[in-house]
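As provided, my_file.cif (mmCIF, N, CA and C atoms) reads as follows.
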```cif
data_entry
loop_
_atom_site.label_atom_id
_atom_site.label_comp_id
_atom_site.auth_asym_id
_atom_site.auth_seq_id
_atom_site.Cartn_x
_atom_site.Cartn_y
_atom_site.Cartn_z
N MET A 1 85.06 122.65 102.33
CA MET A 1 85.70 121.44 102.80
C MET A 1 86.48 120.80 101.66
N SER A 2 87.76 120.57 101.85
CA SER A 2 88.62 119.96 100.85
C SER A 2 88.64 118.45 101.04
N THR A 3 88.57 117.72 99.94
CA THR A 3 88.66 116.26 100.02
C THR A 3 89.77 115.80 99.10
N GLU A 4 90.38 114.71 99.44
CA GLU A 4 91.43 114.10 98.63
C GLU A 4 90.81 113.53 97.36
N PRO A 5 91.42 113.78 96.19
CA PRO A 5 90.86 113.23 94.95
C PRO A 5 90.82 111.71 94.98
N THR A 6 89.85 111.13 94.31
CA THR A 6 89.79 109.68 94.19
C THR A 6 90.84 109.24 93.17
N LEU A 7 91.09 107.94 93.09
CA LEU A 7 92.06 107.42 92.13
C LEU A 7 91.67 107.84 90.72
N THR A 8 90.38 107.75 90.38
CA THR A 8 89.92 108.17 89.06
C THR A 8 90.21 109.64 88.83
N ASP A 9 89.96 110.48 89.82
CA ASP A 9 90.23 111.91 89.68
C ASP A 9 91.71 112.16 89.43
N THR A 10 92.57 111.48 90.15
CA THR A 10 93.99 111.75 90.00
C THR A 10 94.51 111.29 88.65
N VAL A 11 93.96 110.24 88.08
CA VAL A 11 94.40 109.79 86.76
C VAL A 11 94.09 110.86 85.73
N THR A 12 92.92 111.47 85.80
CA THR A 12 92.59 112.53 84.85
C THR A 12 93.44 113.77 85.09
N LEU A 13 93.98 113.93 86.29
CA LEU A 13 94.87 115.05 86.58
C LEU A 13 96.31 114.78 86.14
N GLY A 14 96.59 113.57 85.69
CA GLY A 14 97.92 113.25 85.19
C GLY A 14 98.81 112.51 86.17
N TYR A 15 98.24 112.00 87.24
CA TYR A 15 99.03 111.19 88.17
C TYR A 15 98.14 110.18 88.88
N ARG A 16 98.78 109.20 89.48
CA ARG A 16 98.06 108.25 90.33
C ARG A 16 98.88 108.04 91.60
N ARG A 17 98.20 107.65 92.64
CA ARG A 17 98.86 107.41 93.93
C ARG A 17 98.90 105.91 94.19
N PRO A 18 100.09 105.35 94.32
CA PRO A 18 100.20 103.90 94.56
C PRO A 18 99.50 103.50 95.86
N GLN A 19 98.63 102.53 95.77
CA GLN A 19 97.86 102.09 96.94
C GLN A 19 98.73 101.39 97.98
N GLN A 20 99.90 100.88 97.58
CA GLN A 20 100.79 100.20 98.51
C GLN A 20 101.25 101.13 99.64
N LEU A 21 101.23 102.44 99.39
CA LEU A 21 101.72 103.40 100.38
C LEU A 21 100.58 104.19 101.02
N ALA A 22 99.35 103.76 100.81
CA ALA A 22 98.19 104.47 101.34
C ALA A 22 98.15 104.49 102.87
N SER A 23 98.84 103.57 103.51
CA SER A 23 98.84 103.54 104.97
C SER A 23 99.77 104.60 105.58
N PHE A 24 100.42 105.39 104.74
CA PHE A 24 101.28 106.49 105.18
C PHE A 24 100.65 107.82 104.73
N PRO A 25 99.64 108.31 105.46
CA PRO A 25 98.89 109.48 104.99
C PRO A 25 99.71 110.76 104.89
N ASP A 26 100.83 110.85 105.60
CA ASP A 26 101.64 112.06 105.54
C ASP A 26 102.69 112.02 104.44
N LEU A 27 102.73 110.94 103.68
CA LEU A 27 103.70 110.76 102.61
C LEU A 27 103.04 111.10 101.28
N LEU A 28 103.60 112.05 100.56
CA LEU A 28 103.09 112.41 99.24
C LEU A 28 103.81 111.57 98.20
N VAL A 29 103.06 110.67 97.57
CA VAL A 29 103.62 109.80 96.54
C VAL A 29 102.71 109.92 95.33
N ALA A 30 103.30 110.18 94.19
CA ALA A 30 102.52 110.29 92.96
C ALA A 30 103.33 109.76 91.80
N GLU A 31 102.66 109.09 90.91
CA GLU A 31 103.28 108.55 89.71
C GLU A 31 102.61 109.21 88.51
N SER A 32 103.40 109.83 87.66
CA SER A 32 102.86 110.49 86.48
C SER A 32 102.26 109.47 85.54
N THR A 33 101.13 109.84 84.95
CA THR A 33 100.52 108.99 83.92
C THR A 33 100.89 109.47 82.54
N ARG A 34 101.63 110.58 82.46
CA ARG A 34 102.03 111.23 81.21
C ARG A 34 100.83 111.82 80.48
N GLN A 35 99.70 111.93 81.13
CA GLN A 35 98.51 112.54 80.52
C GLN A 35 98.37 113.97 80.98
N GLY A 36 97.81 114.81 80.11
CA GLY A 36 97.47 116.16 80.51
C GLY A 36 98.59 117.17 80.39
N GLY A 37 99.64 116.85 79.65
CA GLY A 37 100.77 117.76 79.52
C GLY A 37 100.77 118.47 78.18
N ARG A 38 101.87 119.15 77.90
CA ARG A 38 101.98 120.00 76.72
C ARG A 38 102.93 119.47 75.64
N SER A 39 103.67 118.40 75.93
CA SER A 39 104.64 117.88 74.96
C SER A 39 103.93 117.22 73.78
N THR A 40 104.63 117.23 72.64
CA THR A 40 104.11 116.58 71.45
C THR A 40 104.92 115.32 71.16
N PHE A 41 104.47 114.55 70.21
CA PHE A 41 105.13 113.30 69.84
C PHE A 41 106.61 113.55 69.58
N PRO A 42 107.51 112.73 70.01
CA PRO A 42 107.30 111.44 70.65
C PRO A 42 107.26 111.52 72.18
N TYR A 43 107.24 112.71 72.73
CA TYR A 43 107.30 112.87 74.18
C TYR A 43 105.94 113.03 74.82
N SER A 44 104.90 113.01 74.05
CA SER A 44 103.58 113.37 74.54
C SER A 44 103.17 112.52 75.72
N SER A 45 102.48 113.09 76.65
CA SER A 45 102.18 114.52 76.65
C SER A 45 102.75 115.19 77.90
N MET A 46 102.80 114.47 79.02
CA MET A 46 103.33 115.03 80.27
C MET A 46 104.78 114.57 80.45
N ASN A 47 105.66 115.03 79.57
CA ASN A 47 107.08 114.69 79.70
C ASN A 47 107.68 115.56 80.80
N LEU A 48 108.20 114.93 81.85
CA LEU A 48 108.79 115.64 82.98
C LEU A 48 110.32 115.58 82.97
N GLY A 49 110.89 114.89 82.01
CA GLY A 49 112.33 114.60 82.00
C GLY A 49 113.19 115.78 81.57
N LEU A 50 113.93 116.33 82.51
CA LEU A 50 114.80 117.47 82.22
C LEU A 50 115.94 117.11 81.26
N TYR A 51 116.27 115.84 81.16
CA TYR A 51 117.42 115.44 80.36
C TYR A 51 117.00 114.78 79.04
N SER A 52 115.75 114.98 78.65
CA SER A 52 115.29 114.46 77.36
C SER A 52 115.55 115.52 76.28
N LYS A 53 115.26 115.18 75.06
CA LYS A 53 115.47 116.12 73.95
C LYS A 53 114.22 116.93 73.63
N ASP A 54 113.22 116.85 74.50
CA ASP A 54 112.01 117.66 74.35
C ASP A 54 112.37 119.14 74.56
N GLU A 55 111.51 120.03 74.14
CA GLU A 55 111.73 121.46 74.29
C GLU A 55 111.80 121.83 75.78
N PRO A 56 112.89 122.45 76.24
CA PRO A 56 113.03 122.78 77.66
C PRO A 56 111.87 123.61 78.21
N ALA A 57 111.35 124.57 77.45
CA ALA A 57 110.24 125.39 77.94
C ALA A 57 108.98 124.56 78.13
N VAL A 58 108.76 123.58 77.27
CA VAL A 58 107.59 122.71 77.38
C VAL A 58 107.74 121.78 78.58
N ILE A 59 108.95 121.24 78.76
CA ILE A 59 109.21 120.40 79.94
C ILE A 59 108.92 121.19 81.21
N GLN A 60 109.37 122.43 81.27
CA GLN A 60 109.15 123.25 82.46
C GLN A 60 107.66 123.51 82.68
N GLN A 61 106.91 123.74 81.60
CA GLN A 61 105.46 123.90 81.73
C GLN A 61 104.83 122.64 82.29
N ASN A 62 105.26 121.48 81.80
CA ASN A 62 104.74 120.20 82.30
C ASN A 62 105.06 120.02 83.78
N ARG A 63 106.29 120.33 84.16
CA ARG A 63 106.69 120.17 85.56
C ARG A 63 105.91 121.12 86.46
N ASP A 64 105.76 122.36 86.03
CA ASP A 64 104.98 123.31 86.82
C ASP A 64 103.55 122.82 87.01
N LEU A 65 102.95 122.31 85.94
CA LEU A 65 101.59 121.80 85.99
C LEU A 65 101.49 120.58 86.90
N PHE A 66 102.42 119.65 86.75
CA PHE A 66 102.42 118.43 87.56
C PHE A 66 102.54 118.75 89.05
N PHE A 67 103.53 119.57 89.40
CA PHE A 67 103.72 119.91 90.81
C PHE A 67 102.56 120.72 91.36
N GLU A 68 102.00 121.61 90.55
CA GLU A 68 100.83 122.39 90.99
C GLU A 68 99.67 121.47 91.33
N ARG A 69 99.45 120.46 90.51
CA ARG A 69 98.37 119.50 90.76
C ARG A 69 98.58 118.73 92.05
N LEU A 70 99.84 118.59 92.46
CA LEU A 70 100.15 117.91 93.72
C LEU A 70 100.13 118.86 94.91
N GLY A 71 100.00 120.16 94.63
CA GLY A 71 99.96 121.15 95.71
C GLY A 71 101.33 121.57 96.19
N ILE A 72 102.36 121.38 95.36
CA ILE A 72 103.71 121.79 95.73
C ILE A 72 104.30 122.61 94.57
N SER A 73 105.49 123.16 94.79
CA SER A 73 106.18 123.88 93.72
C SER A 73 107.53 123.23 93.48
N GLU A 74 108.10 123.52 92.33
CA GLU A 74 109.41 122.94 92.01
C GLU A 74 110.49 123.42 92.99
N GLY A 75 110.26 124.56 93.61
CA GLY A 75 111.19 125.06 94.61
C GLY A 75 111.24 124.21 95.87
N GLN A 76 110.38 123.21 95.95
CA GLN A 76 110.37 122.27 97.08
C GLN A 76 110.87 120.89 96.69
N VAL A 77 111.41 120.76 95.47
CA VAL A 77 111.72 119.45 94.90
C VAL A 77 113.21 119.27 94.67
N ALA A 78 113.72 118.12 95.08
CA ALA A 78 115.09 117.71 94.77
C ALA A 78 114.99 116.55 93.78
N GLY A 79 115.79 116.61 92.73
CA GLY A 79 115.81 115.56 91.73
C GLY A 79 117.23 115.26 91.32
N LEU A 80 117.40 114.27 90.46
CA LEU A 80 118.75 113.93 90.05
C LEU A 80 118.78 113.37 88.64
N HIS A 81 119.96 113.40 88.07
CA HIS A 81 120.25 112.74 86.80
C HIS A 81 121.00 111.48 87.18
N GLN A 82 120.31 110.36 87.15
CA GLN A 82 120.89 109.11 87.61
C GLN A 82 122.09 108.69 86.77
N VAL A 83 123.07 108.11 87.45
CA VAL A 83 124.28 107.65 86.78
C VAL A 83 124.43 106.14 86.82
N HIS A 84 123.48 105.46 87.44
CA HIS A 84 123.49 104.00 87.55
C HIS A 84 124.75 103.51 88.26
N GLY A 85 125.02 104.18 89.38
CA GLY A 85 126.15 103.80 90.22
C GLY A 85 125.64 103.34 91.58
N THR A 86 126.38 103.68 92.61
CA THR A 86 126.00 103.26 93.96
C THR A 86 125.93 104.41 94.95
N ASP A 87 126.17 105.65 94.50
CA ASP A 87 126.21 106.78 95.41
C ASP A 87 124.82 107.33 95.69
N VAL A 88 124.56 107.58 96.97
CA VAL A 88 123.29 108.11 97.45
C VAL A 88 123.55 109.47 98.08
N LEU A 89 122.72 110.46 97.76
CA LEU A 89 122.88 111.81 98.30
C LEU A 89 121.82 112.06 99.37
N LEU A 90 122.25 112.58 100.51
CA LEU A 90 121.33 113.08 101.53
C LEU A 90 120.98 114.50 101.12
N ALA A 91 119.79 114.69 100.55
CA ALA A 91 119.37 116.00 100.05
C ALA A 91 118.89 116.87 101.20
N GLU A 92 119.45 118.06 101.27
CA GLU A 92 119.08 119.02 102.30
C GLU A 92 118.30 120.20 101.74
N GLN A 93 118.35 120.36 100.41
CA GLN A 93 117.64 121.48 99.79
C GLN A 93 117.19 121.09 98.38
N ALA A 94 116.26 121.87 97.87
CA ALA A 94 115.73 121.63 96.53
C ALA A 94 116.82 121.88 95.49
N GLY A 95 116.65 121.27 94.34
CA GLY A 95 117.58 121.47 93.23
C GLY A 95 117.76 120.19 92.45
N GLN A 96 118.54 120.27 91.39
CA GLN A 96 118.85 119.11 90.56
C GLN A 96 120.30 118.71 90.81
N TYR A 97 120.52 117.42 91.05
CA TYR A 97 121.84 116.92 91.39
C TYR A 97 122.30 115.91 90.35
N LYS A 98 123.61 115.88 90.11
CA LYS A 98 124.20 114.92 89.17
C LYS A 98 125.24 114.09 89.90
N GLY A 99 125.45 112.88 89.41
CA GLY A 99 126.49 112.03 89.96
C GLY A 99 126.02 111.08 91.05
N PHE A 100 124.71 110.94 91.21
CA PHE A 100 124.16 110.06 92.24
C PHE A 100 123.13 109.14 91.60
N ASP A 101 122.85 108.04 92.30
CA ASP A 101 121.85 107.12 91.78
C ASP A 101 120.58 107.14 92.61
N ALA A 102 120.62 107.80 93.77
CA ALA A 102 119.43 107.87 94.62
C ALA A 102 119.52 109.09 95.53
N LEU A 103 118.37 109.54 95.98
CA LEU A 103 118.27 110.63 96.94
C LEU A 103 117.50 110.15 98.16
N ILE A 104 117.90 110.64 99.31
CA ILE A 104 117.13 110.46 100.54
C ILE A 104 117.11 111.82 101.24
N THR A 105 116.19 112.01 102.14
CA THR A 105 116.15 113.26 102.89
C THR A 105 115.55 113.03 104.26
N GLN A 106 115.84 113.95 105.16
CA GLN A 106 115.24 113.98 106.48
C GLN A 106 114.42 115.26 106.65
N ARG A 107 114.37 116.08 105.61
CA ARG A 107 113.71 117.38 105.68
C ARG A 107 112.24 117.29 105.35
N THR A 108 111.41 117.70 106.29
CA THR A 108 109.98 117.81 106.03
C THR A 108 109.77 118.92 105.01
N GLY A 109 108.90 118.68 104.04
CA GLY A 109 108.61 119.69 103.03
C GLY A 109 109.54 119.68 101.84
N LEU A 110 110.53 118.79 101.83
CA LEU A 110 111.39 118.61 100.67
C LEU A 110 110.92 117.33 99.97
N PHE A 111 110.56 117.46 98.72
CA PHE A 111 110.02 116.34 97.96
C PHE A 111 111.06 115.84 96.98
N LEU A 112 111.18 114.52 96.86
CA LEU A 112 112.18 113.90 96.00
C LEU A 112 111.52 113.34 94.75
N THR A 113 112.18 113.50 93.62
CA THR A 113 111.66 112.93 92.39
C THR A 113 112.56 111.81 91.91
N CYS A 114 111.95 110.90 91.20
CA CYS A 114 112.67 109.82 90.55
C CYS A 114 112.01 109.65 89.19
N LEU A 115 112.69 110.01 88.15
CA LEU A 115 112.16 109.86 86.80
C LEU A 115 112.70 108.58 86.20
N LEU A 116 111.79 107.79 85.70
CA LEU A 116 112.16 106.53 85.07
C LEU A 116 111.87 106.63 83.59
N TYR A 117 112.76 106.13 82.79
CA TYR A 117 112.55 106.11 81.35
C TYR A 117 111.98 104.77 80.95
N THR A 118 110.88 104.81 80.25
CA THR A 118 110.34 103.58 79.68
C THR A 118 110.22 103.79 78.19
N SER A 119 110.77 102.90 77.45
CA SER A 119 110.76 103.01 76.00
C SER A 119 109.37 102.69 75.46
N PRO A 120 108.85 103.54 74.57
CA PRO A 120 107.56 103.22 73.95
C PRO A 120 107.67 101.91 73.16
N SER A 121 106.54 101.27 72.99
CA SER A 121 106.55 100.04 72.20
C SER A 121 106.83 100.40 70.74
N PRO A 122 107.31 99.44 69.95
CA PRO A 122 107.53 99.71 68.52
C PRO A 122 106.27 100.24 67.84
N ARG A 123 105.10 99.79 68.28
CA ARG A 123 103.84 100.25 67.71
C ARG A 123 103.66 101.75 67.95
N ASP A 124 104.02 102.23 69.15
CA ASP A 124 103.89 103.64 69.48
C ASP A 124 104.86 104.50 68.68
N ARG A 125 105.97 103.94 68.27
CA ARG A 125 106.98 104.69 67.51
C ARG A 125 106.71 104.65 66.01
N GLY A 126 105.70 103.89 65.61
CA GLY A 126 105.41 103.77 64.20
C GLY A 126 106.28 102.73 63.51
N TRP A 127 106.96 101.89 64.29
CA TRP A 127 107.79 100.85 63.71
C TRP A 127 106.91 99.69 63.29
N SER A 128 107.41 98.92 62.38
CA SER A 128 106.71 97.68 62.03
C SER A 128 107.65 96.53 62.28
N ARG A 129 107.05 95.36 62.39
CA ARG A 129 107.86 94.17 62.66
C ARG A 129 108.35 93.55 61.38
#
```

With the file now loaded, output its structure as structure tokens.
Amino acid sequence: MSTEPTLTDTVTLGYRRPQQLASFPDLLVAESTRQGGRSTFPYSSMNLGLYSKDEPAVIQQNRDLFFERLGISEGQVAGLHQVHGTDVLLAEQAGQYKGFDALITQRTGLFLTCLLYTSPSPRDRGWSR
């Protein structure tokens, strides 16, 4: 018998599920905690960003691990390199898209990603005040 991981379980797996969307059981929503990956400083550890300066092979290992933990593969995922504009793409197939600021889909089994960049605090970067 398979059971859904608890919030604590998912955090140790490197993601958490926002409780605001818990009333939609057929919707797969996960937020990376950046834990449990293979990247080293300053990207440590679960860097999923294809457009960062981290090692591409390590990013791919992280992505494979992250999607595997969610029970999907990257071949089911559509993502984008945001341009901070106003164009929205209706995604019909998996892949990486450029020139859009958002993705939507009507396809069951196609998962959309949204990577957000958050700057580490000066303390995390080894900066001093």

message: Please enumerate the residues selected by the PyMOL selection byres ((chain A and resi 77) around 6) when evaluated against the supplied file, formatted as a PyMOL selection string.
response: chain A and resi 73-76+78-79+93-95+110-113

field: Selection under test: the PyMOL selection byres ((chain A and resi 33) around 6.5); residues as a list of chain:residue names
entry: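 This file gives the following for the PyMOL selection byres ((chain A and resi 33) around 6.5): A:Gly14, A:Tyr15, A:Arg16, A:Glu31, A:Ser32, A:Arg34, A:Gln35, A:Met46.
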
Preceding selection exported with N, CA and C atoms as an mmCIF file, in the frame of the given file:
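Result file again_35.cif:
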```cif
data_model
loop_
_atom_site.group_PDB
_atom_site.id
_atom_site.type_symbol
_atom_site.label_atom_id
_atom_site.label_comp_id
_atom_site.auth_asym_id
_atom_site.auth_seq_id
_atom_site.Cartn_x
_atom_site.Cartn_y
_atom_site.Cartn_z
ATOM 1 N N GLY A 14 96.590 113.570 85.690
ATOM 2 C CA GLY A 14 97.920 113.250 85.190
ATOM 3 C C GLY A 14 98.810 112.510 86.170
ATOM 4 N N TYR A 15 98.240 112.000 87.240
ATOM 5 C CA TYR A 15 99.030 111.190 88.170
ATOM 6 C C TYR A 15 98.140 110.180 88.880
ATOM 7 N N ARG A 16 98.780 109.200 89.480
ATOM 8 C CA ARG A 16 98.060 108.250 90.330
ATOM 9 C C ARG A 16 98.880 108.040 91.600
ATOM 10 N N GLU A 31 102.660 109.090 90.910
ATOM 11 C CA GLU A 31 103.280 108.550 89.710
ATOM 12 C C GLU A 31 102.610 109.210 88.510
ATOM 13 N N SER A 32 103.400 109.830 87.660
ATOM 14 C CA SER A 32 102.860 110.490 86.480
ATOM 15 C C SER A 32 102.260 109.470 85.540
ATOM 16 N N ARG A 34 101.630 110.580 82.460
ATOM 17 C CA ARG A 34 102.030 111.230 81.210
ATOM 18 C C ARG A 34 100.830 111.820 80.480
ATOM 19 N N GLN A 35 99.700 111.930 81.130
ATOM 20 C CA GLN A 35 98.510 112.540 80.520
ATOM 21 C C GLN A 35 98.370 113.970 80.980
ATOM 22 N N MET A 46 102.800 114.470 79.020
ATOM 23 C CA MET A 46 103.330 115.030 80.270
ATOM 24 C C MET A 46 104.780 114.570 80.450
#
```

query: For Gly49 (chain A), which residue among A:Leu65, A:Gly37, A:Leu115, A:Leu103 is the nearest when counting only N, CA and C atoms?
result: A:Leu115

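Nearest residue to Asn62 (chain A), choosing from A:Arg107, A:Arg17, A:Lys98, A:Arg38 and counting all atoms listed in the file: A:Arg38.
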
- prompt: Rounded to one decimal in Å, what is the spacing between CA of Phe66 (chain A) and CA of Ala22 (chain A)?
  reply: 20.1 Å

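Residues of chain A assigned to helix (DSSP H, G or I) by DSSP on this structure's backbone: Leu7, Thr8, Asp9, Thr10, Val11, Thr12, Gln19, Gln20, Leu21, Pro56, Ala57, Val58, Ile59, Gln60, Gln61, Asn62, Arg63, Asp64, Leu65, Phe66, Phe67, Glu68, Arg69, Leu70, Glu74, Gly75 and Gln76 of chain A.
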
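Atom pair CA of Ser45 (chain A) / atom C of Ile72 (chain A) has a distance of 19.8 Å (rounded to one decimal).
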
task: Might you pull out every residue within 5 Å of Ala91 (chain A), with only N, CA and C atoms counted and same-chain residues fewer than 2 positions away left off, and present them as a list in words?
output: Leu89, Gln93, Ile104 and Thr105 of chain A

Would you write out those residues with N, CA and C atoms, as a CSV table (one decimal), in the coordinates of the input?
```csv
chain,number,residue,atom,x,y,z
A,89,LEU,N,122.7,110.5,97.8
A,89,LEU,CA,122.9,111.8,98.3
A,89,LEU,C,121.8,112.1,99.4
A,93,GLN,N,118.4,120.4,100.4
A,93,GLN,CA,117.6,121.5,99.8
A,93,GLN,C,117.2,121.1,98.4
A,104,ILE,N,117.9,110.6,99.3
A,104,ILE,CA,117.1,110.5,100.5
A,104,ILE,C,117.1,111.8,101.2
A,105,THR,N,116.2,112.0,102.1
A,105,THR,CA,116.2,113.3,102.9
A,105,THR,C,115.6,113.0,104.3
```

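Atom pair atom N of Gln82 (chain A) / atom C of Phe100 (chain A): separated by 5.4 Å.
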
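Each of A:Pro18, A:Val58, A:Ser52, A:Leu27 was compared to Thr40 (chain A) using all atoms listed in the file, and A:Val58 turns out to be the nearest.
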
field: Residue list (strand (DSSP E or B), DSSP) for chain A, as a list in words
entry: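 So, restricting chain A to strand (DSSP E or B), we get Tyr15, Arg16, Glu31, Ser32, Val77, Ala78, Gly79, Leu80, His81, Val88, Leu89, Leu90, Gly95, Gln96, Tyr97, Lys98, Ala102, Leu103, Ile104, Phe111 and Leu112 of chain A.
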
Quick one: residues within 7 Å of Thr86 (chain A), all atoms listed in the file, excluding same-chain residues fewer than 2 positions away - as a PDB file with N, CA and C atoms, in the coordinates of the input?
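Saved as selection-v8.pdb:
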```pdb
ATOM      1  N   VAL A  83     123.070 108.110  87.450  1.00  0.00           N
ATOM      2  CA  VAL A  83     124.280 107.650  86.780  1.00  0.00           C
ATOM      3  C   VAL A  83     124.430 106.140  86.820  1.00  0.00           C
ATOM      4  N   HIS A  84     123.480 105.460  87.440  1.00  0.00           N
ATOM      5  CA  HIS A  84     123.490 104.000  87.550  1.00  0.00           C
ATOM      6  C   HIS A  84     124.750 103.510  88.260  1.00  0.00           C
ATOM      7  N   VAL A  88     124.560 107.580  96.970  1.00  0.00           N
ATOM      8  CA  VAL A  88     123.290 108.110  97.450  1.00  0.00           C
ATOM      9  C   VAL A  88     123.550 109.470  98.080  1.00  0.00           C
ATOM     10  N   PHE A 100     124.710 110.940  91.210  1.00  0.00           N
ATOM     11  CA  PHE A 100     124.160 110.060  92.240  1.00  0.00           C
ATOM     12  C   PHE A 100     123.130 109.140  91.600  1.00  0.00           C
ATOM     13  N   ASP A 101     122.850 108.040  92.300  1.00  0.00           N
ATOM     14  CA  ASP A 101     121.850 107.120  91.780  1.00  0.00           C
ATOM     15  C   ASP A 101     120.580 107.140  92.610  1.00  0.00           C
ATOM     16  N   ALA A 102     120.620 107.800  93.770  1.00  0.00           N
ATOM     17  CA  ALA A 102     119.430 107.870  94.620  1.00  0.00           C
ATOM     18  C   ALA A 102     119.520 109.090  95.530  1.00  0.00           C
TER      19      ALA A 102
END
```

Put the listed atoms of region 104-111 of chain A in a box along x, y and z with 8 Å added on every side and give me the centre and edge lengths in Å to one decimal, as AutoDock Vina command-line options.
```
--center_x 113.3 --center_y 115.1 --center_z 101.8 --size_x 25.3 --size_y 25.2 --size_z 25.7
```
